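> Shown below is the structure under consideration.
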Amino acid sequence: MAFEIRKIGIVGAGQMGSGIAQVCAVAGLDVAINDVSQERINAGLATINGNMARLIARNQLNEAQRKAALERIKPAASFSHLGDCDLVIEAATENEEVKRKIFTALCPSLAAHAFVATNTSSISITRLASTTDRPERFIGIHFMNPVPRMQLVELIRGIATEDQTFEAAKAFIAKLGKTATVSEDFPAFIVNRILLPMINEAIYTLYEGVGTVEAIDTAMRLGANHPMGPLQLADFIGLDTCLSVMQVLHEGLADSKYRPCPLLVKYVEAGWLGRKTQRGFYDYRGERPVPTR
Ligand code: NAD
């Protein structure tokens, strides 16, 4: 029988962590959300508040549901506040060193029965699991961005992940009303293995002067019927995350076809990370996004 998950801990209150907190709370689960500082946690809570206000405006949520959901989400200033969670989902910055440190510090605070998951877009689940004290209770639960709107969740088992963990994760995703798909533990799993090389190629197309930002995005929106252009999508995902996924593909599969475009590296080095920093392939500081090239 699958273990019932009632309380979720979330490490990282950025765009993904706040989205995961929101869908869990709306589904009736208790949530404790952690980040490096109270300001970051507050920013995550403010994002959730804003997202819920938009859902109310669209009649997809009512005021009572919003109030109840917000009451279920509690800030967790440190990992010691996650001791009564049944599942802790790590959704911190896409950097293996950062995640390793989190798991090492987190595990001693957790209940023995707690499952641990990572929302990583690309890093090996088996390798991350090995930094915990419970690789058999560790799994990849990869939500898509924006979490409240995207239906898919990829489930990725590490080499040691037990059936009970997998079944609990499946039941948890069903409770959120989302659809799970299963990927083997290879760099970037399924969605990003396909999506990120396309985005990287769009950046090469820009880098080589084949088209402007606007030309490339219009081409793919109207020529391939994509809802967003690839550069717009890159800004939405976060250019640091895009670069990190390409690096993992490049290193993990040792194939030069995955080499990150130097222009992507340059944007990240400039701190132009896309929407989250107000500037990426578009500049979002004005009333409407303006292409930066
Ligand atoms: P983000 O930059 O919006 O948020 C990351 C958060 O992690 C920040 O608030 C940061 O302060 C926090 N953090 C960093 N170190 C921490 C630590 N030691 N302890 C606690 N919190 C810490 O990034 P994001 O887009 O939310 O991505 C988070 C994870 O989700 C990454 O692994 C990413 O690959 C994955 N992901 C991202 C997307 C996407 O489209 N952006 C989609 C699916 C999965």
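A note on labels: chains of the structure tokens are A, B, ... as shown, every chain counts residues from 1, and ligands are counted from 1 in their shown order.
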What are the closest atom pairs, with distances in Å to one decimal, for each residue of region 181-257 of chain A lying within 9 Å of region 147-154 of chain A, using only C-alpha atoms, rows by chain and rising residue number, as a Markdown table?

| residue | atom | partner | partner_atom | distance |
| --- | --- | --- | --- | --- |
| A:Thr181 | CA | A:Glu154 | CA | 4.9 |
| A:Val182 | CA | A:Glu154 | CA | 5.6 |
| A:Ser183 | CA | A:Glu154 | CA | 6.5 |
| A:Phe189 | CA | A:Glu154 | CA | 8.1 |
| A:Ile190 | CA | A:Glu154 | CA | 8.1 |
| A:Val191 | CA | A:Glu154 | CA | 8.3 |
> If you count only C-alpha atoms, which residues fall within 12 Å of region 213-226 of chain A, apart from same-chain ones fewer than 6 positions away, as a list in words?
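Listing them by chain and then by number gives Leu195, Met198, Ile199, Glu201, Ala202, Ile203, Tyr204, Thr205, Leu206, Tyr207, Gln232, Leu233, Ala234, Asp235, Gly280, Phe281, Tyr282, Asp283, Pro289, Val290, Pro291, Thr292 and Arg293 of chain A.
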> Closest to Leu128 (chain A) among A:Ala160, A:Ile194, A:Ala171, A:Leu155, using only C-alpha atoms?
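Distance minimum relative to Leu128 (chain A) lands on A:Ala160.
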> Kindly work out which residues sit at most 6 Å from ligand 1, using only C-alpha atoms and all ligand atoms, and give the list as a compact mmCIF listing (two decimals) with N, CA and C atoms, in the first residue's frame.

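In the end it all went to out36.txt:
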# COMPACT_ATOMS: atom_id res chain seq x y z
N VAL A 11 12.40 23.05 -0.31
CA VAL A 11 13.66 23.78 -0.13
C VAL A 11 13.91 24.56 -1.41
N GLY A 12 13.88 25.90 -1.30
CA GLY A 12 13.99 26.76 -2.48
C GLY A 12 12.63 27.35 -2.77
N ALA A 13 12.51 28.68 -2.58
CA ALA A 13 11.20 29.34 -2.76
C ALA A 13 11.20 30.21 -4.01
N GLY A 14 11.97 29.79 -5.03
CA GLY A 14 12.03 30.52 -6.29
C GLY A 14 10.79 30.23 -7.14
N GLN A 15 10.94 30.37 -8.45
CA GLN A 15 9.75 30.20 -9.28
C GLN A 15 9.18 28.78 -9.19
N MET A 16 10.05 27.76 -9.10
CA MET A 16 9.52 26.40 -9.05
C MET A 16 9.03 26.05 -7.64
N GLY A 17 9.84 26.36 -6.62
CA GLY A 17 9.45 26.03 -5.25
C GLY A 17 8.13 26.69 -4.86
N ASN A 34 11.19 26.61 2.68
CA ASN A 34 12.48 27.09 3.16
C ASN A 34 13.27 27.74 2.02
N ASP A 35 14.10 28.73 2.38
CA ASP A 35 15.06 29.28 1.41
C ASP A 35 16.22 29.83 2.22
N VAL A 36 17.19 30.47 1.56
CA VAL A 36 18.38 30.92 2.29
C VAL A 36 18.12 32.08 3.23
N ARG A 40 13.83 35.82 0.88
CA ARG A 40 13.54 34.92 -0.24
C ARG A 40 12.23 34.17 -0.01
N ALA A 91 13.99 22.24 -4.45
CA ALA A 91 13.79 23.02 -5.69
C ALA A 91 14.69 24.25 -5.64
N ALA A 92 15.95 24.01 -5.25
CA ALA A 92 16.92 25.12 -5.17
C ALA A 92 17.64 25.25 -6.50
N THR A 93 18.52 26.23 -6.55
CA THR A 93 19.28 26.56 -7.75
C THR A 93 19.87 25.31 -8.43
N GLU A 94 19.85 25.31 -9.76
CA GLU A 94 20.34 24.14 -10.52
C GLU A 94 21.86 24.11 -10.52
N VAL A 98 25.44 23.04 -4.80
CA VAL A 98 24.40 23.63 -3.92
C VAL A 98 23.49 22.50 -3.43
N ILE A 102 22.81 20.95 0.39
CA ILE A 102 21.46 20.94 0.98
C ILE A 102 21.13 19.56 1.52
N ASN A 119 13.74 18.41 -7.63
CA ASN A 119 13.07 18.92 -8.83
C ASN A 119 14.10 19.25 -9.91
N THR A 120 15.33 18.72 -9.76
CA THR A 120 16.37 19.06 -10.74
C THR A 120 15.90 18.84 -12.18
N SER A 121 16.37 19.72 -13.07
CA SER A 121 16.02 19.61 -14.48
C SER A 121 16.96 18.66 -15.22
N HIS A 142 10.02 15.87 -11.19
CA HIS A 142 10.37 17.05 -12.01
C HIS A 142 9.10 17.74 -12.54
N PHE A 143 8.75 18.83 -11.86
CA PHE A 143 7.60 19.64 -12.28
C PHE A 143 8.01 20.53 -13.45
N MET A 144 7.02 20.97 -14.22
CA MET A 144 7.27 21.87 -15.34
C MET A 144 6.87 23.29 -14.92
N ASN A 145 7.40 24.26 -15.62
CA ASN A 145 7.19 25.68 -15.30
C ASN A 145 6.19 26.31 -16.28
N ILE A 237 12.33 30.27 -18.59
CA ILE A 237 12.95 29.20 -17.79
C ILE A 237 14.01 29.79 -16.87
N GLY A 238 14.76 30.77 -17.37
CA GLY A 238 15.92 31.33 -16.64
C GLY A 238 17.18 30.89 -17.39
N THR A 241 19.53 28.48 -15.60
CA THR A 241 19.04 27.09 -15.62
C THR A 241 19.30 26.48 -17.01
> Given only C-alpha atoms as the basis, pick out the residue of A:Lys266, A:Lys178, A:Lys99, A:His81 nearest to Ala117 (chain A).
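That would be A:Lys99, the residue with the smallest distance to Ala117 (chain A).
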> Quick one: residues within 8 Å of Leu264 (chain A), only C-alpha atoms, excluding same-chain residues fewer than 6 positions away - as a list of chain:residue names?
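My reading of the contact set: A:Asn200, A:Ile203, A:Leu239, A:Leu243.
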> For the residues in that selection, give me N, CA and C atoms as a tab-separated table (two decimals), in the first residue's frame.

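out-v9.tsv was written with the following content:
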chain	number	residue	atom	x	y	z
A	200	ASN	N	19.04	26.02	-27.24
A	200	ASN	CA	20.46	26.32	-27.48
A	200	ASN	C	20.70	26.59	-28.96
A	203	ILE	N	19.67	29.99	-29.84
A	203	ILE	CA	20.66	30.99	-29.40
A	203	ILE	C	21.84	31.02	-30.39
A	239	LEU	N	18.00	31.88	-17.80
A	239	LEU	CA	19.15	31.52	-18.65
A	239	LEU	C	20.21	30.75	-17.87
A	243	LEU	N	21.63	27.21	-19.16
A	243	LEU	CA	23.07	26.94	-19.32
A	243	LEU	C	23.46	25.71	-18.51
> Taking the DSSP secondary structure from the backbone, can you list the residues of region 145-292 of chain A that are strand (DSSP E), as a list in words?
Leu152, Val153, Glu154, Leu155, Ile156, Arg157, Thr179, Ala180, Thr181, Val182, Ser183, Tyr282, Asp283, Val290 and Pro291 of chain A
> Rank A:Gly9, A:Gly229, A:Pro262, A:Gly19 by their smallest atom-to-atom distance to Ile89 (chain A), using only C-alpha atoms, and report the top residue only.
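Between A:Gly9, A:Gly229, A:Pro262, A:Gly19, the residue approaching Ile89 (chain A) most closely is A:Gly9.
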